[in-house]
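Text of my_file_22.txt (compact mmCIF, C-alpha atoms) as supplied:
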```
# COMPACT_ATOMS: atom_id res chain seq x y z
CA MET Q 284 103.19 101.28 110.62
CA LEU Q 285 100.28 98.88 110.29
CA MET Q 286 98.20 99.99 107.31
CA LEU Q 287 94.56 98.89 107.08
CA ALA Q 288 93.61 99.21 103.41
CA TYR Q 289 90.85 97.17 101.81
CA TYR Q 290 91.80 98.22 98.26
CA PHE Q 291 95.25 96.94 97.42
CA PRO Q 292 96.74 94.96 94.51
CA PRO Q 293 95.71 92.76 92.83
CA LEU Q 294 92.57 94.88 93.12
CA GLY Q 295 92.69 97.79 90.69
CA GLY Q 296 90.98 101.13 90.18
CA GLY Q 297 91.54 104.63 91.43
CA GLY Q 298 91.08 103.73 95.10
CA VAL Q 299 94.26 101.63 95.08
CA GLN Q 300 96.72 104.25 93.82
CA ARG Q 301 97.00 106.52 96.87
CA THR Q 302 97.60 103.65 99.28
CA LEU Q 303 99.94 101.77 96.96
CA LYS Q 304 102.17 104.79 96.32
CA HIS Q 305 102.42 105.53 100.04
CA VAL Q 306 103.59 101.95 100.61
CA LYS Q 307 106.11 102.36 97.79
CA TYR Q 308 107.68 105.61 98.99
CA LEU Q 309 107.22 105.65 102.78
CA PRO Q 310 110.38 103.57 103.42
CA ASP Q 311 112.42 106.39 101.87
CA ALA Q 312 110.86 108.71 104.45
CA GLY Q 313 111.53 106.45 107.43
CA PHE Q 314 108.44 104.22 107.73
CA ASP Q 315 108.04 100.59 106.72
CA ALA Q 316 104.49 99.48 106.11
CA ILE Q 317 102.80 96.24 107.09
CA VAL Q 318 99.69 96.12 104.91
CA LEU Q 319 96.49 94.43 106.03
CA THR Q 320 94.04 94.00 103.16
CA THR Q 321 91.37 91.59 101.93
CA ARG Q 322 91.80 88.03 100.73
CA PHE Q 323 88.53 88.28 98.80
CA GLY Q 324 89.43 87.03 95.33
CA TRP Q 325 86.50 88.28 93.27
CA SER Q 326 86.29 91.87 92.10
CA PRO Q 327 85.16 93.46 88.83
CA VAL Q 328 88.28 95.66 88.80
CA ARG Q 329 91.65 93.91 89.05
CA ASP Q 330 95.13 94.98 88.01
CA PRO Q 331 97.85 92.51 89.09
CA THR Q 332 100.51 94.67 87.42
CA LEU Q 333 100.18 97.19 90.26
CA GLY Q 334 101.84 94.67 92.56
CA GLU Q 335 105.15 95.53 90.89
CA ASP Q 336 105.17 98.72 92.99
CA VAL Q 337 105.17 96.76 96.25
CA ARG Q 338 108.77 96.59 97.45
CA PRO Q 339 110.29 93.15 97.99
CA GLY Q 340 110.08 92.19 101.64
CA THR Q 341 106.90 94.17 102.31
CA LEU Q 342 104.62 92.12 104.53
CA VAL Q 343 101.09 91.98 103.06
CA ILE Q 344 98.53 90.22 105.26
CA ARG Q 345 95.30 89.15 103.57
CA ALA Q 346 92.35 88.69 105.91
CA PRO Q 347 89.36 86.52 104.94
CA GLU Q 348 86.04 88.16 104.18
CA LEU Q 349 82.42 87.06 104.31
CA PRO Q 350 81.14 87.73 100.76
CA LEU Q 351 78.36 90.17 101.68
CA ARG Q 352 79.02 92.14 98.49
CA LEU Q 353 78.04 89.14 96.41
CA VAL Q 354 74.94 88.68 98.55
CA LYS Q 355 74.03 92.34 98.05
CA TRP Q 356 74.57 92.24 94.30
CA GLY Q 357 72.61 88.99 94.03
CA LEU Q 358 69.76 90.51 96.00
CA GLY Q 359 69.80 93.51 93.67
CA GLY Q 360 69.31 91.19 90.69
CA VAL Q 361 66.41 89.43 92.40
CA LEU Q 362 64.75 92.75 93.22
CA ARG Q 363 65.08 93.96 89.62
CA ARG Q 364 63.53 90.80 88.25
CA ALA Q 365 60.73 91.02 90.80
CA ARG Q 366 60.28 94.75 90.03
CA LEU Q 367 60.76 95.62 93.69
CA PRO Q 368 62.52 98.77 95.01
CA GLY Q 369 66.28 98.50 94.54
CA HIS Q 370 67.01 100.55 97.68
CA LEU Q 371 66.22 97.48 99.78
CA THR Q 372 69.79 96.33 99.11
CA SER Q 373 70.97 99.15 101.39
CA TYR Q 374 69.86 97.00 104.34
CA VAL Q 375 72.64 94.50 103.54
CA GLY Q 376 75.89 95.47 105.22
CA TRP Q 377 76.62 98.31 107.60
CA PRO Q 378 78.62 100.53 107.59
CA ASP Q 379 79.19 99.30 104.01
CA GLU Q 380 79.10 96.15 101.89
CA MET Q 381 82.71 95.31 102.86
CA VAL Q 382 81.76 94.82 106.52
CA GLY Q 383 82.24 91.07 106.03
CA TRP Q 384 85.98 91.86 106.14
CA VAL Q 385 85.84 93.36 109.64
CA PRO Q 386 85.99 90.21 111.83
CA GLY Q 387 88.94 88.66 109.98
CA ALA Q 388 90.73 91.99 109.60
CA THR Q 389 90.39 92.79 113.31
CA TRP Q 390 91.76 89.38 114.34
CA HIS Q 391 94.70 89.61 111.92
CA ALA Q 392 95.40 93.22 112.94
CA LEU Q 393 95.65 92.29 116.64
CA ARG Q 394 97.84 89.35 115.71
CA ALA Q 395 100.11 91.65 113.69
CA VAL Q 396 100.33 94.09 116.60
CA ARG Q 397 101.52 91.33 118.93
CA ARG Q 398 104.08 90.02 116.47
CA HIS Q 399 105.44 93.16 114.84
CA ARG Q 400 104.88 95.95 117.41
CA PRO Q 401 103.96 98.77 115.00
CA ASP Q 402 104.51 102.35 116.13
CA VAL Q 403 101.36 103.70 114.51
CA LEU Q 404 98.14 102.58 112.82
CA TYR Q 405 96.89 103.98 109.52
CA SER Q 406 93.53 103.26 107.89
CA THR Q 407 92.01 104.63 104.72
CA LEU Q 408 88.38 105.19 103.71
CA SER Q 409 86.73 104.01 101.47
CA PRO Q 410 85.48 101.63 102.75
CA ALA Q 411 84.43 102.89 106.16
CA SER Q 412 84.92 99.33 107.44
CA ALA Q 413 88.68 99.98 107.47
CA HIS Q 414 88.17 102.76 110.03
CA LEU Q 415 85.92 100.46 112.06
CA VAL Q 416 88.76 97.92 112.33
CA ALA Q 417 91.31 100.62 113.20
CA LEU Q 418 89.01 102.08 115.86
CA ALA Q 419 88.74 98.71 117.58
CA VAL Q 420 92.48 97.97 117.37
CA SER Q 421 93.49 101.42 118.60
CA ARG Q 422 91.17 101.18 121.60
CA LEU Q 423 92.40 97.71 122.50
CA THR Q 424 96.12 98.42 122.11
CA GLY Q 425 96.57 102.15 122.69
CA ILE Q 426 98.57 102.46 119.45
CA PRO Q 427 98.13 105.97 117.97
CA TRP Q 428 96.09 106.06 114.81
CA VAL Q 429 96.02 108.21 111.67
CA ALA Q 430 92.72 108.07 109.75
CA ASP Q 431 92.87 108.86 106.02
CA PHE Q 432 89.79 110.02 104.10
CA ARG Q 433 90.03 109.54 100.34
CA ASP Q 434 86.31 110.33 100.39
CA GLY Q 435 83.90 111.99 102.75
CA TRP Q 436 81.64 109.84 104.90
CA THR Q 437 78.16 110.80 106.08
CA ARG Q 438 78.49 114.26 104.51
CA ASN Q 439 79.58 112.87 101.14
CA PRO Q 440 76.84 113.69 98.57
CA GLN Q 441 78.24 111.00 96.26
CA GLY Q 442 78.53 108.37 99.00
CA GLU Q 443 76.84 105.00 99.15
CA ARG Q 444 73.22 105.17 100.24
CA VAL Q 445 72.69 103.89 103.79
CA ALA Q 446 69.31 102.57 104.93
CA ARG Q 447 67.50 105.09 107.12
CA PRO Q 448 67.73 103.00 110.33
CA PHE Q 449 71.53 102.94 109.93
CA ALA Q 450 72.04 106.65 109.20
CA GLY Q 451 72.26 107.57 112.89
CA LEU Q 452 74.64 104.70 113.56
CA SER Q 453 76.91 105.86 110.74
CA ALA Q 454 77.03 109.36 112.24
CA ARG Q 455 77.87 107.94 115.68
CA LEU Q 456 80.62 105.79 114.19
CA GLU Q 457 82.09 108.74 112.30
CA ARG Q 458 82.14 110.82 115.49
CA ALA Q 459 83.87 107.97 117.33
CA VAL Q 460 86.52 107.75 114.60
CA VAL Q 461 87.07 111.51 114.62
CA ARG Q 462 87.47 111.60 118.40
CA ARG Q 463 89.83 108.61 118.62
CA ALA Q 464 92.17 109.26 115.70
CA ARG Q 465 95.22 111.41 116.48
CA TYR Q 466 95.29 112.91 112.99
CA LEU Q 467 92.70 113.12 110.22
CA VAL Q 468 94.16 113.21 106.72
CA ILE Q 469 91.89 114.47 103.92
CA VAL Q 470 92.52 114.31 100.18
CA ASP Q 471 91.01 117.71 99.37
CA GLU Q 472 88.98 120.54 100.85
CA SER Q 473 85.66 119.03 99.77
CA VAL Q 474 85.92 116.32 102.44
CA GLU Q 475 83.78 117.40 105.40
CA LEU Q 476 83.83 115.44 108.65
CA LEU Q 477 81.40 115.58 111.54
CA GLU Q 478 82.51 117.73 114.48
CA VAL Q 479 85.70 118.80 112.68
CA GLU Q 480 86.19 122.48 111.92
CA PRO Q 481 88.53 123.61 109.11
CA GLY Q 482 91.07 124.95 111.62
CA ASP Q 483 91.29 121.75 113.69
CA PRO Q 484 95.04 121.11 114.31
CA ARG Q 485 94.51 117.38 113.77
CA LEU Q 486 93.24 117.96 110.23
CA VAL Q 487 95.94 117.54 107.56
CA LEU Q 488 95.55 117.99 103.80
CA ILE Q 489 97.56 115.53 101.69
CA ARG Q 490 96.34 115.48 98.11
CA ASN Q 491 96.51 112.73 95.55
CA GLY Q 492 99.31 113.02 93.04
CA VAL Q 493 101.35 111.37 90.33
CA ASP Q 494 104.24 108.92 90.43
CA PRO Q 495 107.15 110.10 88.22
CA ASP Q 496 107.94 106.44 87.53
CA ASP Q 497 104.53 105.99 85.86
CA VAL Q 498 104.67 108.82 83.36
CA PRO Q 499 107.20 108.69 80.53
CA PRO Q 500 108.61 111.90 79.05
CA VAL Q 501 106.14 113.74 76.86
CA SER Q 502 106.41 112.91 73.19
CA PRO Q 503 104.89 115.09 70.46
CA ARG Q 504 101.69 113.65 69.00
CA ALA Q 505 101.34 113.86 65.24
CA ARG Q 506 97.90 114.98 64.17
CA GLY Q 507 95.83 112.03 63.02
CA GLU Q 508 92.79 111.93 60.80
CA ARG Q 509 90.41 112.15 63.73
CA PHE Q 510 90.14 114.53 66.66
CA ARG Q 511 90.38 112.15 69.62
CA ILE Q 512 88.81 113.13 72.94
CA SER Q 513 89.61 110.51 75.59
CA TYR Q 514 87.95 110.06 78.95
CA VAL Q 515 90.06 107.83 81.23
CA GLY Q 516 88.24 106.57 84.30
CA ALA Q 517 84.82 105.32 85.36
CA LEU Q 518 81.48 106.72 84.25
CA TYR Q 519 78.53 106.04 86.56
CA GLY Q 520 75.53 107.74 88.18
CA GLU Q 521 75.78 111.52 88.01
CA ARG Q 522 79.37 111.24 86.84
CA ASN Q 523 78.09 110.38 83.35
CA ALA Q 524 79.48 113.25 81.23
CA ALA Q 525 76.04 113.71 79.66
CA PRO Q 526 76.49 117.52 79.18
CA VAL Q 527 79.68 116.85 77.19
CA PHE Q 528 77.95 114.28 74.98
CA ALA Q 529 75.13 116.74 74.36
CA ALA Q 530 77.58 119.49 73.41
CA LEU Q 531 79.38 117.19 70.97
CA ARG Q 532 76.09 116.22 69.33
CA ALA Q 533 75.14 119.88 69.00
CA LEU Q 534 78.46 120.71 67.33
CA VAL Q 535 78.08 117.80 64.92
CA ASP Q 536 74.47 118.76 64.13
CA ARG Q 537 75.51 122.36 63.40
CA GLY Q 538 78.30 121.19 61.11
CA VAL Q 539 81.07 122.65 63.29
CA ILE Q 540 82.67 119.21 63.71
CA ASP Q 541 82.71 116.63 60.95
CA PRO Q 542 81.80 113.29 62.61
CA GLU Q 543 84.21 111.57 60.22
CA HIS Q 544 87.01 113.52 61.93
CA LEU Q 545 85.89 112.86 65.51
CA GLU Q 546 86.53 110.03 67.97
CA LEU Q 547 85.23 109.97 71.52
CA ARG Q 548 87.17 107.32 73.42
CA ILE Q 549 85.91 106.01 76.79
CA VAL Q 550 88.72 104.20 78.61
CA GLY Q 551 87.42 102.46 81.72
CA SER Q 552 84.30 100.98 83.24
CA ALA Q 553 81.23 102.85 82.01
CA SER Q 554 77.56 102.71 82.91
CA VAL Q 555 75.78 105.42 80.92
CA ALA Q 556 72.01 105.79 80.82
CA ALA Q 557 70.33 105.26 77.46
CA ASP Q 558 68.89 108.80 77.48
CA ALA Q 559 72.46 110.16 77.32
CA ASN Q 560 72.30 109.11 73.65
CA VAL Q 561 76.06 108.68 73.53
CA ASP Q 562 75.79 105.98 70.85
CA ALA Q 563 74.79 108.71 68.41
CA LEU Q 564 78.43 109.82 68.51
CA PRO Q 565 81.51 108.10 67.02
CA VAL Q 566 82.49 106.51 70.34
CA THR Q 567 85.00 103.77 71.16
CA TRP Q 568 84.59 101.80 74.40
CA THR Q 569 87.68 100.02 75.70
CA GLY Q 570 86.34 98.78 79.03
CA TYR Q 571 88.61 98.63 82.07
CA VAL Q 572 92.34 98.59 81.29
CA ASP Q 573 95.34 98.27 83.59
CA HIS Q 574 97.14 101.34 84.84
CA ALA Q 575 100.00 101.22 82.33
CA ALA Q 576 97.52 100.98 79.46
CA ALA Q 577 95.56 103.91 80.88
CA ILE Q 578 98.72 106.05 80.88
CA ALA Q 579 99.38 105.05 77.27
CA GLU Q 580 95.81 106.02 76.34
CA MET Q 581 96.38 109.48 77.79
CA ALA Q 582 99.49 109.96 75.68
CA ALA Q 583 97.60 108.86 72.55
CA ALA Q 584 94.78 111.40 72.96
CA ASP Q 585 94.45 114.85 71.39
CA VAL Q 586 92.32 116.09 74.31
CA LEU Q 587 91.71 114.53 77.73
CA LEU Q 588 88.22 114.91 79.17
CA PHE Q 589 87.78 115.49 82.89
CA TYR Q 590 84.17 115.48 84.07
CA ALA Q 591 82.59 115.90 87.49
CA PRO Q 592 79.03 116.95 88.35
CA SER Q 593 78.77 120.35 90.01
CA VAL Q 594 77.77 118.78 93.32
CA ASN Q 595 81.17 117.09 93.45
CA ARG Q 596 83.89 119.52 94.57
CA GLY Q 597 86.61 116.88 94.85
CA PRO Q 598 88.85 116.12 91.87
CA SER Q 599 89.44 112.61 90.62
CA GLY Q 600 93.03 111.46 91.12
CA LYS Q 601 93.33 111.14 87.32
CA ILE Q 602 93.67 114.92 86.98
CA TYR Q 603 97.32 114.80 88.11
CA GLU Q 604 98.26 112.19 85.52
CA TYR Q 605 96.35 114.19 82.93
CA LEU Q 606 98.43 117.25 83.77
CA VAL Q 607 101.78 115.51 83.20
CA SER Q 608 100.68 113.80 79.97
CA GLY Q 609 101.47 116.81 77.77
CA ARG Q 610 97.91 116.79 76.41
CA PRO Q 611 95.38 119.64 76.82
CA ILE Q 612 92.46 119.02 79.16
CA LEU Q 613 88.78 119.70 78.60
CA CYS Q 614 87.67 120.18 82.21
CA VAL Q 615 83.90 120.20 82.74
CA ALA Q 616 83.21 120.63 86.45
CA GLY Q 617 81.94 123.15 88.97
CA GLY Q 618 84.04 126.27 89.40
CA ASP Q 619 84.81 125.30 93.00
CA ASN Q 620 86.22 121.91 91.97
CA PHE Q 621 89.98 121.80 92.54
CA ALA Q 622 90.54 120.24 89.12
CA PHE Q 623 88.77 123.19 87.47
CA GLN Q 624 90.90 125.64 89.43
CA LEU Q 625 94.12 123.75 88.72
CA VAL Q 626 93.56 123.53 84.95
CA GLN Q 627 92.82 127.26 84.86
CA GLU Q 628 95.78 128.16 87.06
CA LEU Q 629 98.28 126.15 85.01
CA GLY Q 630 96.80 127.03 81.62
CA ALA Q 631 96.40 123.33 80.89
CA GLY Q 632 93.28 123.48 78.72
CA GLN Q 633 89.70 124.74 78.56
CA CYS Q 634 87.22 124.81 81.44
CA ALA Q 635 83.41 124.93 81.50
CA GLU Q 636 80.68 124.19 84.02
CA PRO Q 637 78.20 121.32 83.49
CA GLU Q 638 75.16 123.61 83.61
CA ASP Q 639 76.49 125.90 80.86
CA PRO Q 640 75.98 124.10 77.50
CA ALA Q 641 77.11 127.11 75.46
CA SER Q 642 80.39 127.29 77.38
CA ILE Q 643 81.03 123.55 76.90
CA GLU Q 644 80.36 123.84 73.16
CA ASP Q 645 82.64 126.87 72.90
CA ALA Q 646 85.47 125.08 74.74
CA ILE Q 647 85.22 122.02 72.48
CA GLU Q 648 85.03 124.16 69.35
CA ARG Q 649 88.15 126.11 70.35
CA MET Q 650 90.09 122.90 70.90
CA TYR Q 651 88.83 121.35 67.67
CA LEU Q 652 89.82 124.37 65.60
CA SER Q 653 93.26 124.42 67.23
CA TRP Q 654 93.66 120.73 66.42
CA ARG Q 655 92.67 121.34 62.82
CA ASP Q 656 95.16 124.22 62.60
CA GLY Q 657 97.94 122.18 64.21
CA THR Q 658 98.29 124.52 67.19
CA LEU Q 659 96.68 122.38 69.90
CA GLY Q 660 98.93 121.67 72.88
CA VAL Q 661 100.23 122.73 76.31
CA GLY Q 662 103.64 123.93 77.41
CA PRO Q 663 106.17 121.80 79.32
CA GLU Q 664 105.78 124.04 82.37
CA VAL Q 665 102.43 122.32 83.14
CA ARG Q 666 104.14 118.98 83.63
CA GLU Q 667 107.05 120.48 85.56
CA GLU Q 668 104.84 122.37 88.01
CA THR Q 669 102.57 119.37 88.55
CA LEU Q 670 105.50 117.11 89.39
CA ARG Q 671 106.93 119.76 91.70
CA ARG Q 672 103.73 120.10 93.71
CA PHE Q 673 102.10 116.67 93.49
CA SER Q 674 104.77 113.99 93.14
CA ARG Q 675 104.05 110.80 95.08
CA PRO Q 676 107.47 110.73 96.84
CA ALA Q 677 106.89 114.22 98.27
CA LEU Q 678 103.34 113.35 99.35
CA ALA Q 679 104.60 110.20 101.08
CA GLY Q 680 107.11 112.39 102.91
CA ALA Q 681 104.26 114.60 104.12
CA LEU Q 682 102.41 111.53 105.39
CA ALA Q 683 105.56 110.27 107.13
CA ALA Q 684 105.72 113.53 109.07
CA VAL Q 685 102.13 112.98 110.27
CA LEU Q 686 102.83 109.36 111.19
CA GLY Q 687 105.92 110.42 113.12
CA ALA Q 688 103.98 113.06 115.03
CA ALA Q 689 101.29 110.50 115.91
CA ALA Q 690 103.83 107.87 116.98
CA SER Q 691 105.48 110.36 119.33
CA GLU Q 692 102.16 110.75 121.17
CA ARG Q 693 101.75 107.06 122.03
CA ASP Q 694 99.75 106.35 125.17
CA THR Q 695 102.31 104.80 127.51
CA THR Q 696 99.76 104.32 130.32
CA ARG Q 697 97.98 101.49 128.48
CA ARG Q 698 99.42 98.04 128.97
CA PRO Q 699 100.53 96.72 125.57
CA LEU Q 700 99.61 93.33 124.21
CA ARG Q 701 102.08 90.61 125.11
CA PRO Q 702 104.36 89.82 122.17
CA ALA Q 703 103.56 86.55 120.45
CA ARG Q 704 106.18 83.83 120.22
CA ARG Q 705 107.93 84.13 116.89
CA ARG Q 706 107.82 81.13 114.63
CA SER Q 707 109.56 80.54 111.33
CA ARG Q 708 106.38 80.88 109.31
CA ASP Q 709 105.83 84.38 110.73
CA ARG Q 710 108.74 85.88 108.83
CA PRO Q 711 107.72 88.90 106.74
CA ARG Q 712 107.51 88.12 103.09
CA ALA Q 713 106.11 89.76 100.00
CA ARG Q 714 102.84 88.30 98.77
```
Kindly return the structure encoded in the file as structure tokens.
Amino acid sequence: MLMLAYYFPPLGGGGVQRTLKHVKYLPDAGFDAIVLTTRFGWSPVRDPTLGEDVRPGTLVIRAPELPLRLVKWGLGGVLRRARLPGHLTSYVGWPDEMVGWVPGATWHALRAVRRHRPDVLYSTLSPASAHLVALAVSRLTGIPWVADFRDGWTRNPQGERVARPFAGLSARLERAVVRRARYLVIVDESVELLEVEPGDPRLVLIRNGVDPDDVPPVSPRARGERFRISYVGALYGERNAAPVFAALRALVDRGVIDPEHLELRIVGSASVAADANVDALPVTWTGYVDHAAAIAEMAAADVLLFYAPSVNRGPSGKIYEYLVSGRPILCVAGGDNFAFQLVQELGAGQCAEPEDPASIEDAIERMYLSWRDGTLGVGPEVREETLRRFSRPALAGALAAVLGAAASERDTTRRPLRPARRRSRDRPRAR
């Protein structure tokens, strides 16, 4: 297959994992991947160590990109200094700020089609620009296409704001993608697509998961002097964990938790508003760390914090690694969030909703008292069941079945592109 994926190593972050693990395990299920990604060298989140999961011999094509993201971020700084409305930056780049990748990606994709004759196309959102490239290539070549949605698009309440004049264009583009793609893969039930009903036979659910190679066997954690609650991931916007910070402050103020015996550890990129008053707590900020270090941080915690605002029904991919870590989870999310339901179902920790401060305080207090008594923990069955249901090799096998079904429906009436003459420098190689 030809995979169109903007986020790929050496870029890091949660958006890379799903694509990377598919590339790692799809060959075992019968599909080799040619990956088309960006050549853009600057990004605030990079993790070169993730490239170790790319199998030797995998062809990775890196298309050039016009740096519209830098233009947009620079404009944002100018607007802030001039005290002008920040939403004006939404006029830069449509359908998203990665649109500068589209011309180079489209040219390289058509070139790859001529040289390597892929059986099927696969593109993954975010960004939506990847689907725009796949739409063009599929129409020009007739190659069947599977569109993957790690996030929703125009119906995503947490999505990037689009300037009003472009909102209608985004909806038209989403409809065009939905109509052209042979299969639509969604990461969870919260992803809603225009003109797609839940029973649509083209709609396939393939969740995120966990790679058994990434998670060492669970080792018992000796109780330290401080009760460590670790949040691993990004904090931004409404995903700011403010209700959890407020509950911790309340417990400290009431004398339930001794601040000398508490550590709140934020592992990842964090942008928390000043009114969250998180600095009033004994907090440690690590900044962004690579994936291996993030796994080690999970193992070193007493409790792992999962937070999502109630408006967000989709779970972060971190929940699956949390579940195999052997550490109990404090899950603060809406009751219809899959992470909330999964933690409850597996008995993997305590759950509370963001709008229920008393419930959050009660959950933290229960876990703190268990830690103090030496009884805090989860059973091995949590890890075993998570690996059984959400292992990356099995999920890649599910995707391979979808790719195979799409490839079998290839449009043979369309004249294919003429194969390009093969030259020595065109040999596939790992990059």
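With only C-alpha atoms taken into account, the protein and nucleic acid residues at most 7 Å from Gly680 (chain Q) (excluding it and anything under 3 positions from it in its own chain) are Leu309, Ala312, Pro676, Ala677, Ala683 and Ala684 of chain Q.
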Among Q:Tyr605, Q:Arg363, Q:Arg322, Q:Leu686, Val501 (chain Q) is approached most closely, using all atoms listed in the file, by Q:Tyr605
### Query
Which residues, written as a PyMOL selection string, have at least one atom at most 9 Å from His574 (chain Q), with only C-alpha atoms counted and residues fewer than 5 positions away on the same chain left out?
chain Q and resi 295-296+330+332-333+497+579
Selection near region 653-655 of chain Q, 12 Å with all atoms listed in the file, sequence-local residues under 5 positions removed, as a compact mmCIF listing (two decimals) with C-alpha atoms, in the frame of the given file:
```
# COMPACT_ATOMS: atom_id res chain seq x y z
CA ARG Q 504 101.69 113.65 69.00
CA ALA Q 505 101.34 113.86 65.24
CA ARG Q 506 97.90 114.98 64.17
CA GLY Q 507 95.83 112.03 63.02
CA GLU Q 508 92.79 111.93 60.80
CA ARG Q 509 90.41 112.15 63.73
CA PHE Q 510 90.14 114.53 66.66
CA ARG Q 511 90.38 112.15 69.62
CA ILE Q 512 88.81 113.13 72.94
CA VAL Q 539 81.07 122.65 63.29
CA ILE Q 540 82.67 119.21 63.71
CA ASP Q 541 82.71 116.63 60.95
CA HIS Q 544 87.01 113.52 61.93
CA LEU Q 545 85.89 112.86 65.51
CA ALA Q 584 94.78 111.40 72.96
CA ASP Q 585 94.45 114.85 71.39
CA VAL Q 586 92.32 116.09 74.31
CA ARG Q 610 97.91 116.79 76.41
CA PRO Q 611 95.38 119.64 76.82
CA GLY Q 632 93.28 123.48 78.72
CA GLN Q 633 89.70 124.74 78.56
CA ALA Q 646 85.47 125.08 74.74
CA ILE Q 647 85.22 122.02 72.48
CA GLU Q 648 85.03 124.16 69.35
CA GLY Q 660 98.93 121.67 72.88
CA VAL Q 661 100.23 122.73 76.31
```
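For the pair CA of Arg465 (chain Q) and CA of Pro481 (chain Q), the interatomic distance is 15.7 Å.
A straight line drawn from CA of Thr407 (chain Q) to CA of Phe589 (chain Q) is 24.7 Å long.
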Counting only C-alpha atoms, closest pick from Q:Arg329, Q:Arg455, Q:Arg394, Q:Lys307 relative to Thr424 (chain Q) is Q:Arg394
request  = Would you list the residues near (87.3, 121.7, 79.1) (no more than 10 Å away, in the coordinates of the file, using only C-alpha atoms) as a list in words?
outcome  = Val527, Val586, Leu587, Leu588, Phe589, Tyr590, Pro611, Ile612, Leu613, Cys614, Val615, Ala616, Phe623, Val626, Gln627, Ala631, Gly632, Gln633, Cys634, Ala635, Glu636, Ser642, Ile643, Glu644, Asp645, Ala646, Ile647, Arg649 and Met650 of chain Q
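Comparing Q:Pro565, Q:Pro526, Q:Pro637, Q:Pro331 by their smallest distance to Pro542 (chain Q), the closest is Q:Pro565 (using all atoms listed in the file).
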Requested in this report: Using all atoms listed in the file, give me every residue within 10 Å of (92.6, 92.2, 108.4) in file coordinates, as a PyMOL selection string.
Outcome: chain Q and resi 286-289+318-322+344-348+384-395+413+416-417
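One finds CA of Asn491 (chain Q) at 17.5 Å from CA of Tyr466 (chain Q).
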With only C-alpha atoms counted and 7 Å as the cut-off, give the residues of region 459-511 of chain Q in contact with region 431-434 of chain Q, each with its shortest interatomic distance in Å and the pair that gives it, as CSV.
```
residue,atom,partner,partner_atom,distance
Q:Leu467,CA,Q:Asp431,CA,6.0
Q:Val468,CA,Q:Asp431,CA,4.6
Q:Ile469,CA,Q:Phe432,CA,4.9
Q:Val470,CA,Q:Arg433,CA,5.4
Q:Val474,CA,Q:Asp434,CA,6.3
```
